[in-house]
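Shown next, in structure tokens, is the structure this report addresses.
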Amino acid sequence: MGGRAIGAAFVAAGLGIVTLTALSFAPSANGAFAIHGIELGMTASEVVRRFDAGPTGRWSEATGCAGPSMEWSRGDAAAARAPLSARFEFHEGLLMAARMRVTPEDPSARGARLETSAQFVLAREARDDGSSLLVLLARGCPDHEAEVEQLLSGSSARR
């Protein structure tokens, strides 16, 4: 087993066991919104397996604002449409927030500044360097509730 696979398995194991409480606010798998293969409600191992940025990046653990997090850093040989960086935040073992900095060529950078559904809020913010910051949050997660409300109220203050 390669170093990356061992590291990913360690990160996934360290994030804990999914509990029934987490399922009460996890978004539905039907019609879920995805960015680069990632959907809210995934486990850490699913995020590592399905993130479509390719094998040219590096995974690391991070302490999140609301709990365990994983970060992905772009490698030198990454495809032009691969994100520049990504952060995935988990609550009760499920993905409740994804934050990605993407290039102008990335199709996910295009769209409304704010998209909402009963399950998620997606905010897009253009940066001075031409990249965009995408913030995808689960609406039912108590750890991200204040941030969801800030986005919905139009405030630019974010974590």
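Identifiers in this document derive from the order of the structure tokens: chains are assigned A, B, ..., residues are numbered from 1 separately in each chain, and ligands are numbered from 1 in order of occurrence.
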According to DSSP computed on the backbone, where in segment 54-152 of chain A is there alpha helix (DSSP H)? Give the residues as a list in words. Glu145, Ala146, Glu147, Val148, Glu149, Gln150, Leu151 and Leu152 of chain A
For atom CA of Gln119 of chain A and atom CA of Phe51 of chain A, determine how far apart the two atoms are, in Å to one decimal place. 20.2 Å
Within 12 Å of Arg81 of chain A, counting only C-alpha atoms, which residues qualify if same-chain residues fewer than 2 places away don't, as JSON, numbers by chain? {"A": [36, 52, 53, 54, 74, 77, 78, 79, 83, 84, 85, 101, 102, 103, 104, 105, 106, 107, 108, 109, 131]}
Keeping N, CA, C and O atoms, export the residues of the selection given above as a PDB file, in the first residue's frame.
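Written file, result_16.pdb:
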ATOM      1  N   HIS A  36     -16.420  18.812  -8.193  1.00  0.00           N
ATOM      2  CA  HIS A  36     -15.239  17.955  -8.373  1.00  0.00           C
ATOM      3  C   HIS A  36     -15.447  16.569  -7.774  1.00  0.00           C
ATOM      4  O   HIS A  36     -14.545  16.002  -7.158  1.00  0.00           O
ATOM      5  N   ASP A  52     -12.076  14.477  -7.762  1.00  0.00           N
ATOM      6  CA  ASP A  52     -11.593  14.278  -9.123  1.00  0.00           C
ATOM      7  C   ASP A  52     -10.441  15.196  -9.523  1.00  0.00           C
ATOM      8  O   ASP A  52     -10.170  15.372 -10.697  1.00  0.00           O
ATOM      9  N   ALA A  53      -9.740  15.752  -8.572  1.00  0.00           N
ATOM     10  CA  ALA A  53      -8.627  16.649  -8.887  1.00  0.00           C
ATOM     11  C   ALA A  53      -7.400  15.892  -9.382  1.00  0.00           C
ATOM     12  O   ALA A  53      -6.438  16.493  -9.835  1.00  0.00           O
ATOM     13  N   GLY A  54      -7.456  14.595  -9.296  1.00  0.00           N
ATOM     14  CA  GLY A  54      -6.358  13.789  -9.803  1.00  0.00           C
ATOM     15  C   GLY A  54      -5.327  13.474  -8.734  1.00  0.00           C
ATOM     16  O   GLY A  54      -5.378  13.978  -7.626  1.00  0.00           O
ATOM     17  N   ARG A  74      -2.668  21.365  -4.303  1.00  0.00           N
ATOM     18  CA  ARG A  74      -2.407  21.064  -5.705  1.00  0.00           C
ATOM     19  C   ARG A  74      -0.929  20.778  -5.937  1.00  0.00           C
ATOM     20  O   ARG A  74      -0.063  21.463  -5.409  1.00  0.00           O
ATOM     21  N   ALA A  77       2.149  19.162 -11.253  1.00  0.00           N
ATOM     22  CA  ALA A  77       1.709  18.628 -12.546  1.00  0.00           C
ATOM     23  C   ALA A  77       0.187  18.536 -12.649  1.00  0.00           C
ATOM     24  O   ALA A  77      -0.338  17.797 -13.471  1.00  0.00           O
ATOM     25  N   ALA A  78      -0.533  19.303 -11.857  1.00  0.00           N
ATOM     26  CA  ALA A  78      -1.997  19.234 -11.856  1.00  0.00           C
ATOM     27  C   ALA A  78      -2.581  19.745 -13.171  1.00  0.00           C
ATOM     28  O   ALA A  78      -2.010  20.627 -13.818  1.00  0.00           O
ATOM     29  N   ALA A  79      -3.722  19.200 -13.528  1.00  0.00           N
ATOM     30  CA  ALA A  79      -4.441  19.646 -14.725  1.00  0.00           C
ATOM     31  C   ALA A  79      -4.913  21.093 -14.523  1.00  0.00           C
ATOM     32  O   ALA A  79      -5.138  21.534 -13.393  1.00  0.00           O
ATOM     33  N   PRO A  83      -8.595  22.124  -8.865  1.00  0.00           N
ATOM     34  CA  PRO A  83      -8.621  23.211  -7.876  1.00  0.00           C
ATOM     35  C   PRO A  83      -7.200  23.588  -7.455  1.00  0.00           C
ATOM     36  O   PRO A  83      -6.272  22.781  -7.523  1.00  0.00           O
ATOM     37  N   LEU A  84      -7.040  24.820  -6.997  1.00  0.00           N
ATOM     38  CA  LEU A  84      -5.751  25.262  -6.478  1.00  0.00           C
ATOM     39  C   LEU A  84      -5.546  24.706  -5.070  1.00  0.00           C
ATOM     40  O   LEU A  84      -4.426  24.372  -4.690  1.00  0.00           O
ATOM     41  N   SER A  85      -6.633  24.624  -4.305  1.00  0.00           N
ATOM     42  CA  SER A  85      -6.591  24.051  -2.957  1.00  0.00           C
ATOM     43  C   SER A  85      -8.013  23.694  -2.550  1.00  0.00           C
ATOM     44  O   SER A  85      -8.978  24.169  -3.151  1.00  0.00           O
ATOM     45  N   ARG A 101     -10.546  26.671  -3.664  1.00  0.00           N
ATOM     46  CA  ARG A 101     -10.077  27.792  -4.472  1.00  0.00           C
ATOM     47  C   ARG A 101      -9.810  27.225  -5.849  1.00  0.00           C
ATOM     48  O   ARG A 101      -9.044  26.263  -5.991  1.00  0.00           O
ATOM     49  N   VAL A 102     -10.481  27.787  -6.857  1.00  0.00           N
ATOM     50  CA  VAL A 102     -10.415  27.242  -8.211  1.00  0.00           C
ATOM     51  C   VAL A 102      -9.936  28.291  -9.201  1.00  0.00           C
ATOM     52  O   VAL A 102     -10.045  29.492  -8.957  1.00  0.00           O
ATOM     53  N   THR A 103      -9.427  27.808 -10.333  1.00  0.00           N
ATOM     54  CA  THR A 103      -8.939  28.687 -11.397  1.00  0.00           C
ATOM     55  C   THR A 103     -10.112  29.261 -12.187  1.00  0.00           C
ATOM     56  O   THR A 103     -11.222  28.725 -12.145  1.00  0.00           O
ATOM     57  N   PRO A 104      -9.878  30.335 -12.948  1.00  0.00           N
ATOM     58  CA  PRO A 104     -10.951  30.895 -13.789  1.00  0.00           C
ATOM     59  C   PRO A 104     -11.448  29.900 -14.839  1.00  0.00           C
ATOM     60  O   PRO A 104     -12.598  29.981 -15.268  1.00  0.00           O
ATOM     61  N   GLU A 105     -10.603  28.939 -15.240  1.00  0.00           N
ATOM     62  CA  GLU A 105     -10.990  27.939 -16.234  1.00  0.00           C
ATOM     63  C   GLU A 105     -11.904  26.860 -15.671  1.00  0.00           C
ATOM     64  O   GLU A 105     -12.540  26.123 -16.414  1.00  0.00           O
ATOM     65  N   ASP A 106     -11.975  26.758 -14.381  1.00  0.00           N
ATOM     66  CA  ASP A 106     -12.776  25.723 -13.730  1.00  0.00           C
ATOM     67  C   ASP A 106     -14.266  26.013 -13.938  1.00  0.00           C
ATOM     68  O   ASP A 106     -14.743  27.089 -13.577  1.00  0.00           O
ATOM     69  N   PRO A 107     -15.019  25.077 -14.520  1.00  0.00           N
ATOM     70  CA  PRO A 107     -16.450  25.300 -14.748  1.00  0.00           C
ATOM     71  C   PRO A 107     -17.234  25.603 -13.470  1.00  0.00           C
ATOM     72  O   PRO A 107     -18.229  26.319 -13.507  1.00  0.00           O
ATOM     73  N   SER A 108     -16.787  25.096 -12.339  1.00  0.00           N
ATOM     74  CA  SER A 108     -17.512  25.340 -11.093  1.00  0.00           C
ATOM     75  C   SER A 108     -17.384  26.784 -10.618  1.00  0.00           C
ATOM     76  O   SER A 108     -18.151  27.231  -9.769  1.00  0.00           O
ATOM     77  N   ALA A 109     -16.447  27.550 -11.190  1.00  0.00           N
ATOM     78  CA  ALA A 109     -16.298  28.961 -10.818  1.00  0.00           C
ATOM     79  C   ALA A 109     -17.407  29.819 -11.429  1.00  0.00           C
ATOM     80  O   ALA A 109     -17.676  30.923 -10.960  1.00  0.00           O
ATOM     81  N   SER A 131      -8.692  33.834  -9.316  1.00  0.00           N
ATOM     82  CA  SER A 131      -9.288  32.589  -8.842  1.00  0.00           C
ATOM     83  C   SER A 131     -10.646  32.885  -8.190  1.00  0.00           C
ATOM     84  O   SER A 131     -11.020  34.051  -8.017  1.00  0.00           O
TER      85      SER A 131
END
So that I can see what lies close to Arg87 of chain A, please list as an MDAnalysis selection string the residues with an atom at most 8 Å from it, counting only C-alpha atoms and leaving out residues fewer than 3 positions away in the same chain. chainID A and resid 69:72 98:100
Leu137 of chain A surroundings by only C-alpha atoms, 7 Å radius, close-in-sequence under 5 positions cut, as a ChimeraX atom specification: /A:96-98,120-122,148
From A:Leu136, A:Leu114, A:Ala123, A:Ala86, residue lying nearest Phe33 of chain A [only C-alpha atoms]: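 For Phe33 of chain A, the nearest of the candidates is A:Leu136.
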How would you write, as number ranges by chain, the set of residues in segment 38-116 of chain A that DSSP gives as strand (DSSP E or B)? A: 38-39, 58-63, 68-73, 85-91, 94-102, 114-116
Selection file, N, CA, C and O atoms, as a compact mmCIF listing (two decimals), in the first residue's frame:
# COMPACT_ATOMS: atom_id res chain seq x y z
N ILE A 38 -17.30 15.69 -5.28
CA ILE A 38 -17.56 15.70 -3.84
C ILE A 38 -18.99 16.14 -3.57
O ILE A 38 -19.47 17.12 -4.13
N GLU A 39 -19.66 15.40 -2.68
CA GLU A 39 -21.01 15.75 -2.25
C GLU A 39 -21.03 15.85 -0.74
O GLU A 39 -20.34 15.09 -0.05
N ARG A 58 -1.69 16.65 -2.69
CA ARG A 58 -1.26 16.07 -1.42
C ARG A 58 -2.35 16.29 -0.37
O ARG A 58 -2.87 17.39 -0.22
N TRP A 59 -2.70 15.25 0.35
CA TRP A 59 -3.70 15.30 1.42
C TRP A 59 -3.00 15.51 2.76
O TRP A 59 -1.92 14.99 3.00
N SER A 60 -3.67 16.26 3.65
CA SER A 60 -3.17 16.42 5.02
C SER A 60 -4.35 16.61 5.96
O SER A 60 -5.44 17.03 5.55
N GLU A 61 -4.13 16.29 7.22
CA GLU A 61 -5.14 16.53 8.25
C GLU A 61 -5.02 17.97 8.73
O GLU A 61 -3.93 18.54 8.71
N ALA A 62 -6.13 18.53 9.17
CA ALA A 62 -6.12 19.88 9.71
C ALA A 62 -7.17 19.97 10.80
O ALA A 62 -8.16 19.24 10.78
N THR A 63 -6.95 20.84 11.74
CA THR A 63 -7.96 21.09 12.75
C THR A 63 -8.93 22.09 12.17
O THR A 63 -8.53 23.15 11.72
N PRO A 68 -12.90 17.82 12.85
CA PRO A 68 -11.87 17.30 11.97
C PRO A 68 -12.00 17.83 10.54
O PRO A 68 -13.11 18.02 10.05
N SER A 69 -10.88 18.05 9.92
CA SER A 69 -10.85 18.54 8.54
C SER A 69 -9.71 17.87 7.78
O SER A 69 -8.77 17.37 8.39
N MET A 70 -9.83 17.89 6.47
CA MET A 70 -8.77 17.42 5.57
C MET A 70 -8.52 18.54 4.57
O MET A 70 -9.44 19.22 4.15
N GLU A 71 -7.26 18.68 4.20
CA GLU A 71 -6.91 19.67 3.18
C GLU A 71 -6.21 18.97 2.03
O GLU A 71 -5.51 17.97 2.23
N TRP A 72 -6.42 19.50 0.84
CA TRP A 72 -5.78 18.99 -0.36
C TRP A 72 -5.02 20.15 -0.98
O TRP A 72 -5.56 21.25 -1.14
N SER A 73 -3.75 19.92 -1.32
CA SER A 73 -2.91 20.93 -1.97
C SER A 73 -2.58 20.46 -3.37
O SER A 73 -2.22 19.31 -3.58
N SER A 85 -6.63 24.62 -4.30
CA SER A 85 -6.59 24.05 -2.96
C SER A 85 -8.01 23.69 -2.55
O SER A 85 -8.98 24.17 -3.15
N ALA A 86 -8.12 22.85 -1.54
CA ALA A 86 -9.44 22.46 -1.05
C ALA A 86 -9.36 22.10 0.43
O ALA A 86 -8.32 21.62 0.90
N ARG A 87 -10.44 22.36 1.13
CA ARG A 87 -10.55 22.01 2.55
C ARG A 87 -11.91 21.36 2.75
O ARG A 87 -12.92 21.87 2.28
N PHE A 88 -11.91 20.24 3.45
CA PHE A 88 -13.14 19.48 3.69
C PHE A 88 -13.35 19.36 5.19
O PHE A 88 -12.47 18.87 5.90
N GLU A 89 -14.51 19.80 5.68
CA GLU A 89 -14.80 19.81 7.12
C GLU A 89 -15.91 18.82 7.44
O GLU A 89 -16.93 18.78 6.75
N PHE A 90 -15.68 18.05 8.49
CA PHE A 90 -16.58 16.96 8.86
C PHE A 90 -17.22 17.19 10.22
O PHE A 90 -16.62 17.79 11.11
N HIS A 91 -18.44 16.71 10.35
CA HIS A 91 -19.16 16.70 11.63
C HIS A 91 -19.75 15.31 11.79
O HIS A 91 -20.43 14.83 10.89
N LEU A 94 -19.26 12.99 8.77
CA LEU A 94 -19.79 13.28 7.44
C LEU A 94 -19.36 14.67 6.98
O LEU A 94 -19.27 15.61 7.78
N LEU A 95 -19.13 14.80 5.67
CA LEU A 95 -18.74 16.08 5.10
C LEU A 95 -19.88 17.08 5.20
O LEU A 95 -20.97 16.85 4.69
N MET A 96 -19.61 18.19 5.88
CA MET A 96 -20.62 19.23 6.05
C MET A 96 -20.20 20.56 5.42
O MET A 96 -21.01 21.46 5.28
N ALA A 97 -18.91 20.69 5.04
CA ALA A 97 -18.44 21.91 4.39
C ALA A 97 -17.27 21.58 3.47
O ALA A 97 -16.41 20.77 3.82
N ALA A 98 -17.29 22.19 2.30
CA ALA A 98 -16.18 22.08 1.36
C ALA A 98 -15.82 23.49 0.91
O ALA A 98 -16.71 24.27 0.56
N ARG A 99 -14.55 23.80 0.95
CA ARG A 99 -14.06 25.12 0.54
C ARG A 99 -12.97 24.88 -0.49
O ARG A 99 -11.98 24.21 -0.21
N MET A 100 -13.17 25.41 -1.69
CA MET A 100 -12.19 25.19 -2.77
C MET A 100 -11.83 26.52 -3.41
O MET A 100 -12.70 27.34 -3.68
N ARG A 101 -10.55 26.67 -3.66
CA ARG A 101 -10.08 27.79 -4.47
C ARG A 101 -9.81 27.23 -5.85
O ARG A 101 -9.04 26.26 -5.99
N VAL A 102 -10.48 27.79 -6.86
CA VAL A 102 -10.41 27.24 -8.21
C VAL A 102 -9.94 28.29 -9.20
O VAL A 102 -10.05 29.49 -8.96
N LEU A 114 -24.61 33.11 -5.27
CA LEU A 114 -25.17 32.31 -4.18
C LEU A 114 -26.22 31.37 -4.74
O LEU A 114 -27.13 31.80 -5.45
N GLU A 115 -26.07 30.08 -4.47
CA GLU A 115 -27.06 29.07 -4.84
C GLU A 115 -27.51 28.39 -3.56
O GLU A 115 -26.69 28.11 -2.69
N THR A 116 -28.81 28.13 -3.47
CA THR A 116 -29.33 27.49 -2.26
C THR A 116 -30.32 26.39 -2.61
O THR A 116 -30.93 26.40 -3.68
